[in-house]
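**Q** If it helps, the file is called start-v5.cif and holds mmCIF, C-alpha atoms:
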data_entry
#
loop_
_atom_site.label_atom_id
_atom_site.label_comp_id
_atom_site.auth_asym_id
_atom_site.auth_seq_id
_atom_site.Cartn_x
_atom_site.Cartn_y
_atom_site.Cartn_z
CA MET F 1 -16.93 -21.83 -19.14
CA ALA F 2 -20.48 -22.91 -18.35
CA VAL F 3 -23.86 -21.65 -19.54
CA VAL F 4 -26.76 -22.35 -17.20
CA SER F 5 -30.46 -21.78 -16.73
CA SER F 6 -32.49 -21.98 -13.54
CA ALA F 7 -32.97 -25.67 -14.34
CA GLY F 8 -29.22 -26.36 -14.26
CA ILE F 9 -26.17 -26.48 -16.51
CA LEU F 10 -26.97 -26.26 -20.22
CA ARG F 11 -23.44 -26.77 -21.51
CA THR F 12 -19.77 -26.38 -20.64
CA ASP F 13 -16.74 -25.71 -22.76
CA ALA F 14 -15.54 -29.28 -22.49
CA ALA F 15 -12.47 -28.71 -24.66
CA HIS F 16 -11.03 -26.19 -22.20
CA THR F 17 -12.62 -27.22 -18.91
CA ASP F 18 -11.40 -29.89 -16.52
CA PRO F 19 -14.60 -30.79 -14.61
CA GLY F 20 -12.72 -31.64 -11.41
CA ARG F 21 -10.22 -28.78 -11.45
CA LEU F 22 -10.49 -26.43 -8.46
CA TYR F 23 -10.43 -22.66 -8.90
CA GLN F 24 -10.41 -19.84 -6.40
CA PHE F 25 -13.42 -17.57 -6.89
CA GLY F 26 -11.95 -14.22 -5.81
CA SER F 27 -14.62 -11.63 -5.07
CA VAL F 28 -17.31 -13.85 -6.55
CA SER F 29 -17.01 -15.46 -3.09
CA LYS F 30 -18.92 -12.43 -1.80
CA THR F 31 -22.03 -13.50 -3.71
CA ILE F 32 -21.93 -16.88 -1.94
CA THR F 33 -21.40 -15.19 1.43
CA ALA F 34 -24.31 -12.83 0.78
CA ALA F 35 -26.59 -15.70 -0.21
CA ALA F 36 -25.64 -17.59 2.98
CA VAL F 37 -26.36 -14.56 5.17
CA GLU F 38 -29.72 -14.01 3.48
CA ALA F 39 -30.54 -17.70 3.96
CA GLY F 40 -29.87 -17.48 7.70
CA ASP F 41 -32.28 -16.77 10.50
CA LEU F 42 -31.08 -13.25 11.31
CA PRO F 43 -32.97 -10.27 9.87
CA LEU F 44 -30.71 -8.10 7.73
CA THR F 45 -31.59 -5.18 10.02
CA THR F 46 -29.71 -6.90 12.87
CA PRO F 47 -26.82 -4.73 14.19
CA VAL F 48 -23.61 -6.66 13.62
CA ALA F 49 -22.33 -5.77 17.11
CA GLU F 50 -25.22 -7.76 18.61
CA VAL F 51 -23.85 -10.88 16.90
CA LEU F 52 -20.13 -10.27 17.36
CA PRO F 53 -19.25 -9.23 20.94
CA ALA F 54 -15.77 -8.15 19.80
CA LEU F 55 -17.39 -5.19 18.04
CA ARG F 56 -19.17 -3.78 21.06
CA ASP F 57 -17.98 -0.34 22.15
CA THR F 58 -16.62 0.30 18.65
CA GLU F 59 -17.61 2.89 16.08
CA LEU F 60 -19.46 0.15 14.17
CA ALA F 61 -21.62 -0.47 17.25
CA HIS F 62 -22.22 3.21 18.00
CA ARG F 63 -23.32 3.80 14.42
CA GLY F 64 -25.66 0.81 14.52
CA THR F 65 -24.10 -0.89 11.49
CA THR F 66 -26.39 -3.69 10.29
CA LEU F 67 -25.91 -6.84 8.27
CA ALA F 68 -27.52 -5.04 5.33
CA ASP F 69 -24.89 -2.28 5.58
CA LEU F 70 -22.16 -4.88 5.33
CA LEU F 71 -23.81 -6.72 2.45
CA GLU F 72 -24.22 -3.54 0.43
CA HIS F 73 -20.81 -1.98 1.28
CA THR F 74 -22.43 1.01 3.00
CA SER F 75 -20.85 0.61 6.45
CA GLY F 76 -18.09 3.15 5.78
CA LEU F 77 -15.29 0.61 6.31
CA PRO F 78 -12.20 1.38 4.20
CA HIS F 79 -10.73 -0.86 1.53
CA ASP F 80 -7.33 -1.76 2.95
CA ILE F 81 -5.37 -4.30 0.91
CA THR F 82 -2.58 -4.37 3.50
CA LEU F 83 -5.07 -6.03 5.86
CA THR F 84 -6.83 -8.38 3.48
CA ASP F 85 -3.59 -9.47 1.79
CA GLY F 86 -1.59 -9.72 4.97
CA ASP F 87 -1.33 -12.66 7.36
CA GLY F 88 -5.05 -12.89 8.03
CA VAL F 89 -7.57 -10.36 9.31
CA GLU F 90 -8.60 -10.44 12.94
CA LEU F 91 -11.87 -8.93 14.14
CA SER F 92 -9.86 -6.52 16.25
CA ASP F 93 -8.18 -5.25 13.06
CA VAL F 94 -11.57 -4.44 11.55
CA ALA F 95 -12.93 -2.98 14.79
CA ASP F 96 -10.07 -0.47 14.93
CA GLN F 97 -10.69 0.90 11.42
CA PRO F 98 -12.00 4.48 11.19
CA LEU F 99 -15.33 4.67 9.39
CA GLY F 100 -16.01 6.99 6.50
CA GLU F 101 -19.34 8.52 5.64
CA ARG F 102 -22.32 6.29 5.03
CA GLY F 103 -22.80 5.38 1.40
CA TYR F 104 -21.40 2.89 -1.07
CA ARG F 105 -17.69 2.25 -0.51
CA TYR F 106 -16.41 -1.11 -1.69
CA SER F 107 -14.49 -2.89 1.06
CA SER F 108 -13.69 -6.56 1.57
CA LEU F 109 -13.61 -5.89 5.33
CA ASN F 110 -17.42 -5.91 5.25
CA TYR F 111 -17.31 -9.54 4.23
CA VAL F 112 -14.70 -10.42 6.84
CA LEU F 113 -17.38 -9.47 9.38
CA LEU F 114 -20.10 -11.35 7.50
CA GLN F 115 -17.96 -14.49 7.52
CA ALA F 116 -17.58 -14.11 11.27
CA VAL F 117 -21.37 -13.76 11.58
CA LEU F 118 -21.87 -17.00 9.63
CA GLU F 119 -19.35 -18.77 11.86
CA GLU F 120 -21.34 -17.62 14.90
CA THR F 121 -24.88 -18.27 13.68
CA GLY F 122 -24.73 -20.30 10.45
CA PRO F 123 -25.49 -21.41 7.87
CA ASP F 124 -22.20 -22.49 6.35
CA PHE F 125 -21.16 -21.73 2.79
CA ALA F 126 -22.00 -25.22 1.54
CA THR F 127 -25.66 -24.66 2.39
CA VAL F 128 -26.03 -22.30 -0.58
CA ALA F 129 -23.11 -23.60 -2.68
CA PRO F 130 -22.75 -27.37 -2.27
CA GLY F 131 -19.27 -28.53 -3.15
CA VAL F 132 -17.56 -25.27 -2.22
CA VAL F 133 -14.03 -25.78 -0.89
CA THR F 134 -12.83 -23.96 2.23
CA ASP F 135 -9.67 -25.86 3.18
CA GLY F 136 -7.33 -24.27 0.65
CA ASP F 137 -6.54 -27.44 -1.31
CA VAL F 138 -6.23 -25.59 -4.63
CA PRO F 139 -3.48 -26.05 -7.25
CA ALA F 140 -1.24 -23.21 -8.39
CA GLY F 141 -2.49 -20.55 -10.77
CA SER F 142 -0.40 -18.19 -12.88
CA VAL F 143 0.33 -14.47 -13.12
CA PRO F 144 1.72 -12.35 -15.96
CA PHE F 145 5.44 -11.63 -15.79
CA LEU F 146 6.43 -9.48 -18.75
CA SER F 147 5.32 -11.64 -21.69
CA TRP F 148 5.23 -14.95 -19.81
CA ARG F 149 2.95 -16.76 -17.39
CA MET F 150 4.60 -17.32 -14.05
CA PRO F 151 3.24 -20.14 -11.84
CA LEU F 152 2.05 -18.91 -8.46
CA PRO F 153 1.00 -21.13 -5.55
CA ALA F 154 -2.59 -20.50 -4.49
CA ARG F 155 -2.84 -18.50 -1.28
CA HIS F 156 -5.17 -19.78 1.42
CA ASP F 157 -6.64 -17.32 3.92
CA PRO F 158 -9.12 -18.93 6.31
CA THR F 159 -10.24 -15.48 7.51
CA GLY F 160 -10.79 -14.33 3.92
CA LEU F 161 -13.12 -17.05 2.66
CA GLY F 162 -16.09 -14.71 2.74
CA TYR F 163 -14.58 -12.08 0.50
CA GLY F 164 -12.21 -13.90 -1.85
CA TYR F 165 -10.84 -17.33 -1.03
CA LEU F 166 -13.71 -19.74 -1.48
CA ALA F 167 -12.98 -22.31 -4.17
CA GLY F 168 -14.62 -25.04 -6.18
CA ASP F 169 -14.90 -26.56 -9.62
CA ILE F 170 -16.89 -25.19 -12.55
CA THR F 171 -19.95 -27.24 -11.56
CA THR F 172 -20.02 -25.76 -8.05
CA LEU F 173 -20.14 -22.19 -9.31
CA ALA F 174 -22.47 -23.00 -12.21
CA ASP F 175 -25.01 -24.67 -9.90
CA PHE F 176 -24.85 -21.67 -7.56
CA ALA F 177 -25.43 -19.29 -10.49
CA ALA F 178 -28.45 -21.33 -11.58
CA ARG F 179 -30.04 -20.91 -8.14
CA GLN F 180 -29.22 -17.19 -8.11
CA LEU F 181 -31.13 -16.60 -11.34
CA ALA F 182 -34.39 -16.76 -9.44
CA GLU F 183 -33.40 -14.13 -6.85
CA PRO F 184 -29.91 -12.57 -6.99
CA SER F 185 -28.38 -11.89 -3.57
CA ALA F 186 -27.41 -8.43 -2.34
CA ALA F 187 -23.82 -8.81 -3.55
CA TRP F 188 -24.85 -8.51 -7.21
CA ARG F 189 -24.49 -4.73 -7.33
CA GLN F 190 -23.00 -4.48 -10.81
CA GLU F 191 -26.29 -4.12 -12.62
CA SER F 192 -25.98 -3.10 -16.28
CA MET F 193 -27.81 -3.17 -19.58
CA LEU F 194 -26.74 -5.39 -22.46
CA ILE F 195 -28.13 -5.66 -25.98
CA ASP F 196 -29.64 -9.04 -26.78
CA ALA F 197 -29.31 -9.28 -30.55
CA ARG F 198 -31.72 -12.20 -30.75
CA ALA F 199 -34.52 -10.22 -29.12
CA GLY F 200 -33.35 -6.83 -30.38
CA THR F 201 -33.87 -5.33 -26.93
CA GLU F 202 -31.84 -4.33 -23.92
CA VAL F 203 -31.82 -6.80 -21.05
CA THR F 204 -30.74 -6.29 -17.46
CA THR F 205 -27.68 -8.21 -16.40
CA TYR F 206 -26.10 -8.72 -12.99
CA ARG F 207 -22.40 -9.47 -13.12
CA HIS F 208 -19.55 -9.94 -10.71
CA ASN F 209 -15.85 -10.29 -11.39
CA GLY F 210 -13.56 -11.94 -8.90
CA ALA F 211 -9.80 -12.23 -8.73
CA VAL F 212 -7.00 -13.32 -6.48
CA PRO F 213 -3.41 -13.66 -7.67
CA GLY F 214 -3.40 -16.45 -10.25
CA TYR F 215 -7.19 -16.86 -10.58
CA PHE F 216 -9.99 -14.96 -12.31
CA ALA F 217 -13.74 -15.62 -12.10
CA HIS F 218 -16.72 -14.00 -13.75
CA VAL F 219 -20.45 -14.64 -13.42
CA THR F 220 -23.17 -12.81 -15.34
CA LEU F 221 -26.84 -13.39 -14.54
CA VAL F 222 -29.53 -12.54 -17.10
CA PRO F 223 -32.79 -13.30 -15.25
CA GLU F 224 -34.99 -12.01 -18.10
CA LEU F 225 -33.58 -14.70 -20.39
CA ASP F 226 -33.10 -17.32 -17.66
CA ARG F 227 -29.41 -17.53 -18.51
CA ALA F 228 -26.15 -17.22 -16.65
CA VAL F 229 -22.58 -17.40 -17.92
CA VAL F 230 -19.82 -18.65 -15.62
CA LEU F 231 -16.12 -18.23 -16.44
CA LEU F 232 -13.12 -19.49 -14.50
CA THR F 233 -9.46 -19.27 -15.44
CA THR F 234 -6.12 -19.98 -13.78
CA TYR F 235 -4.56 -16.68 -14.86
CA TYR F 236 -4.73 -13.24 -13.30
CA GLY F 237 -2.51 -10.26 -12.55
CA GLU F 238 -3.34 -6.60 -12.10
CA THR F 239 -1.65 -5.62 -15.36
CA GLU F 240 -4.14 -7.85 -17.21
CA ALA F 241 -7.24 -6.91 -15.20
CA GLN F 242 -8.84 -4.68 -17.83
CA ARG F 243 -8.15 -7.15 -20.62
CA LEU F 244 -9.58 -10.12 -18.70
CA GLY F 245 -12.70 -8.15 -17.78
CA ALA F 246 -13.26 -7.22 -21.44
CA TRP F 247 -12.69 -10.84 -22.47
CA ALA F 248 -15.39 -11.97 -20.03
CA ASP F 249 -17.84 -9.31 -21.25
CA ASN F 250 -17.24 -10.39 -24.86
CA ILE F 251 -18.06 -14.00 -24.06
CA VAL F 252 -21.34 -12.89 -22.49
CA ARG F 253 -22.12 -10.69 -25.51
CA ALA F 254 -21.42 -13.59 -27.86
CA GLU F 255 -23.68 -15.86 -25.82
CA LEU F 256 -26.52 -13.34 -26.12
CA GLY F 257 -25.86 -12.81 -29.80
CA GLY F 258 -24.51 -9.30 -29.25
CA GLN F 259 -21.57 -7.59 -30.87
CA VAL F 260 -18.12 -8.53 -29.64
CA GLU F 261 -15.83 -5.57 -29.04
CA PRO F 262 -12.03 -5.40 -29.56
CA LEU F 263 -9.99 -6.30 -26.52
CA PRO F 264 -7.75 -3.66 -24.92
CA ALA F 265 -4.10 -3.93 -25.90
CA PRO F 266 -1.93 -5.94 -23.49
CA SER F 267 -0.35 -3.81 -20.79
CA ARG F 268 3.20 -2.66 -21.55
CA LEU F 269 3.76 -0.95 -18.19
CA SER F 270 6.18 -3.55 -16.87
CA LEU F 271 8.17 -3.53 -20.12
CA TRP F 272 8.48 0.25 -19.98
CA LEU F 273 9.63 0.03 -16.37
CA MET F 274 12.26 -2.55 -17.29
CA MET F 275 13.48 -0.36 -20.15
CA ALA F 276 13.68 2.58 -17.75
CA CYS F 277 16.26 0.58 -15.80
CA LEU F 278 18.73 1.55 -18.55
CA LEU F 279 18.74 5.13 -17.24
CA PRO F 280 21.17 4.41 -14.37
CA VAL F 281 23.53 2.80 -16.91
CA LEU F 282 23.27 5.94 -19.04
CA ALA F 283 24.05 8.06 -16.01
CA LEU F 284 27.29 6.13 -15.56
CA ALA F 285 28.22 6.46 -19.23
CA LEU F 286 27.97 10.26 -19.07
CA ARG F 287 30.66 10.53 -16.36
CA PRO F 288 28.43 12.61 -14.08
CA ARG F 289 29.53 14.89 -11.26
CA ARG F 290 29.30 14.02 -7.59
CA TRP F 291 25.87 15.65 -7.12
CA VAL F 292 24.40 13.08 -9.53
CA ALA F 293 25.28 10.36 -6.99
CA VAL F 294 23.18 12.14 -4.38
CA PHE F 295 20.36 12.49 -6.90
CA ALA F 296 20.62 8.75 -7.72
CA VAL F 297 20.26 7.82 -4.04
CA LEU F 298 17.18 10.04 -3.77
CA ILE F 299 15.63 8.38 -6.83
CA ALA F 300 16.20 4.93 -5.30
CA VAL F 301 14.74 5.89 -1.93
CA VAL F 302 11.67 7.56 -3.47
CA SER F 303 11.11 4.60 -5.83
CA LEU F 304 11.19 2.08 -2.99
CA ALA F 305 8.97 4.24 -0.80
CA THR F 306 6.33 5.00 -3.43
CA PRO F 307 4.52 1.60 -3.32
CA TYR F 308 4.26 1.88 0.47
CA VAL F 309 2.91 5.42 0.28
CA LEU F 310 0.30 4.30 -2.26
CA GLY F 311 -0.79 1.46 0.02
CA TYR F 312 0.82 -1.35 -1.96
CA PRO F 313 3.95 -2.51 -0.12
CA LEU F 314 6.24 -4.61 -2.28
CA HIS F 315 5.39 -7.86 -0.48
CA ILE F 316 1.70 -7.15 -1.21
CA LEU F 317 2.37 -5.98 -4.77
CA TRP F 318 4.46 -9.03 -5.69
CA PRO F 319 1.70 -11.67 -6.10
CA TRP F 320 -0.61 -9.23 -7.94
CA ALA F 321 2.01 -7.74 -10.28
CA PRO F 322 5.38 -9.49 -9.83
CA ASP F 323 6.94 -7.92 -12.92
CA ILE F 324 6.18 -4.40 -11.66
CA ALA F 325 7.47 -5.24 -8.17
CA ALA F 326 10.64 -6.71 -9.70
CA ALA F 327 11.07 -3.63 -11.92
CA VAL F 328 10.80 -1.30 -8.91
CA VAL F 329 13.44 -3.28 -7.00
CA LEU F 330 15.76 -3.53 -10.03
CA TRP F 331 15.35 0.17 -10.85
CA SER F 332 16.15 1.17 -7.26
CA ALA F 333 19.09 -1.24 -6.97
CA LEU F 334 20.65 0.03 -10.21
CA TRP F 335 20.37 3.65 -9.07
CA LEU F 336 22.04 2.76 -5.76
CA LEU F 337 24.76 0.88 -7.65
CA ALA F 338 25.23 3.85 -9.96
CA ALA F 339 25.50 6.17 -6.97
CA GLY F 340 28.16 3.95 -5.44
CA ILE F 341 30.20 3.77 -8.64
CA ILE F 342 29.94 7.54 -9.21
CA GLY F 343 31.05 8.18 -5.65
CA PHE F 344 33.98 5.77 -6.01
CA ARG F 345 35.06 7.42 -9.27
CA TRP F 346 34.94 10.87 -7.72
CA ARG F 347 37.00 9.78 -4.73
CA TYR F 348 39.51 8.10 -7.05
CA ARG F 349 39.94 11.21 -9.19
CA HIS F 350 39.85 13.66 -6.28
CA PRO F 351 41.78 11.98 -3.47
CA GLY F 352 41.80 13.78 -0.17
CA PRO F 353 44.97 14.77 1.65
CA GLY F 354 47.12 11.85 2.73
CA PRO F 355 48.18 11.28 6.30
CA HIS F 356 51.48 13.23 5.84
CA THR F 357 50.14 16.02 3.66
CA THR F 358 50.67 19.54 5.01
CA LEU F 359 47.73 21.80 4.31
CA GLY F 360 49.43 25.10 5.26
CA PRO F 361 52.16 26.98 3.37
CA PRO F 362 55.53 25.23 3.07
CA SER F 363 57.85 25.85 5.96
CA ARG F 364 61.08 27.77 5.41
CA THR F 365 64.35 26.17 6.27
#
Give the structure from the file, written as structure tokens.
**A**
Amino acid sequence: MAVVSSAGILRTDAAHTDPGRLYQFGSVSKTITAAAVEAGDLPLTTPVAEVLPALRDTELAHRGTTLADLLEHTSGLPHDITLTDGDGVELSDVADQPLGERGYRYSSLNYVLLQAVLEETGPDFATVAPGVVTDGDVPAGSVPFLSWRMPLPARHDPTGLGYGYLAGDITTLADFAARQLAEPSAAWRQESMLIDARAGTEVTTYRHNGAVPGYFAHVTLVPELDRAVVLLTTYYGETEAQRLGAWADNIVRAELGGQVEPLPAPSRLSLWLMMACLLPVLALALRPRRWVAVFAVLIAVVSLATPYVLGYPLHILWPWAPDIAAAVVLWSALWLLAAGIIGFRWRYRHPGPGPHTTLGPPSRT
């Protein structure tokens, strides 16, 4: 943790902070990207297709999508995790996306395009965040797996630096936050009010959470008090998202002298899913009829298909929530195993006619 003012870092939590340790910033990277775009020479009213020839003759070009639209998530681009968490996003992938209606719609694809703009025209990320790391040399983080922390190698996506995969140490992000206090960039959309107990008044805060599998970042700016709070941790999974966000908000409240609120209870979803895996075993114990085997196969197929239908294929789900992905696979495998055993039992107890069995009435001799 670091607390900063516009003059620089006021203090860090030295007992829990390794000054040289690198962290991935997650979506806090967007605030750095936005600051770099705003520091460039291009007006924010510039159509993005004028900068990126690959977007000409696309819906983005015909609509006249500007840099400001991308910065403020109003381009209409969808939020597609199968693209951003795949093998890297190409401009052609973004160009082919159907656009929704104009208006706020959070999508990391906006910042894929903004990164491409910076690569074409500059400036680079280090101009606004000296010390930022773009080469992926980041140690492993950790994700929740049931009640344990599971080490997870840090993923590096060179096409995703602008929306989630910039990295640096606590000083890098704290210095950036100090500069942002004077004039927050367009990416700081999460404006909210927070009680400052010392002043007894409400103050405006600008905050941004960021996460990639194994890393969580949080920055809150309080321009009225010339304060910013920066948090970085090597632990993140989707089942702990709400709890980590509340933890970050509590630290900010404590810094401002406000009232700390109880944290949400830890998620028990993965434990319930693991316990549900006992159901196929119960189905076997009840000596079910043959139709139960068919039902078991259907359960397995639907269970495996559901993450894909929801837009979270298992290979995408695994780094974000490995315990849930493992539970889905185990649940489906046990139902398939149960179906096989039930089918084998039925065939054993109801053998078909043998090769010399006569099905008609016995012949008379």
**Q** Can you list what the PyMOL selection byres ((chain F and resi 224-231) around 7) grabs from this structure, as a ChimeraX atom specification?
**A** /F:1-6,174,177-178,181,203,217-223,232-233,252
**Q** Excluding Leu44 of chain F and any residue of its chain fewer than 3 positions from it, enumerate the residues within 8 Å of it, using all atoms listed in the file, and give them as a PyMOL selection string.
**A** chain F and resi 38+66-68
**Q** Might you spell out which residues the PyMOL selection byres ((chain F and resi 58-64) around 12) would select in the displayed file, as a PyMOL selection string?
**A** chain F and resi 45-57+65-70+74-77+91-102+110+113
**Q** If we count all atoms listed in the file and set the cut-off at 9 Å, which residues sit around Tyr23 of chain F, ignoring sequence neighbours fewer than 2 positions away in its own chain? Please answer as a PyMOL selection string.
**A** chain F and resi 21+25+138-139+141+166-170+215-217+232-234
**Q** Which residue is closest to Asn209 of chain F? Choose from F:Gly245, F:Pro130, F:Pro19, F:Gly237 and count only C-alpha atoms.
**A**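 Distance minimum relative to Asn209 of chain F lands on F:Gly245.
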**Q** If we count only C-alpha atoms, what is near Arg179 of chain F at a cut-off of 9 Å, once residues fewer than 3 positions away on the same chain are taken out, given as number ranges by chain?
**A** F: 5-8, 128, 174-176, 182-184
**Q** Name the closest residue to Val89 of chain F among the candidates F:Gly136, F:Pro144, F:Pro158, F:Gly131; distances are taken between atoms, counting all atoms listed in the file.
**A**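 Of the candidates, the smallest distance to Val89 of chain F is held by F:Pro158.
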**Q** At what distance in Å, to one decimal, does atom CA of Leu161 of chain F lie from atom CA of Leu114 of chain F?
**A**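 Distance reported for this atom pair: 10.2 Å.
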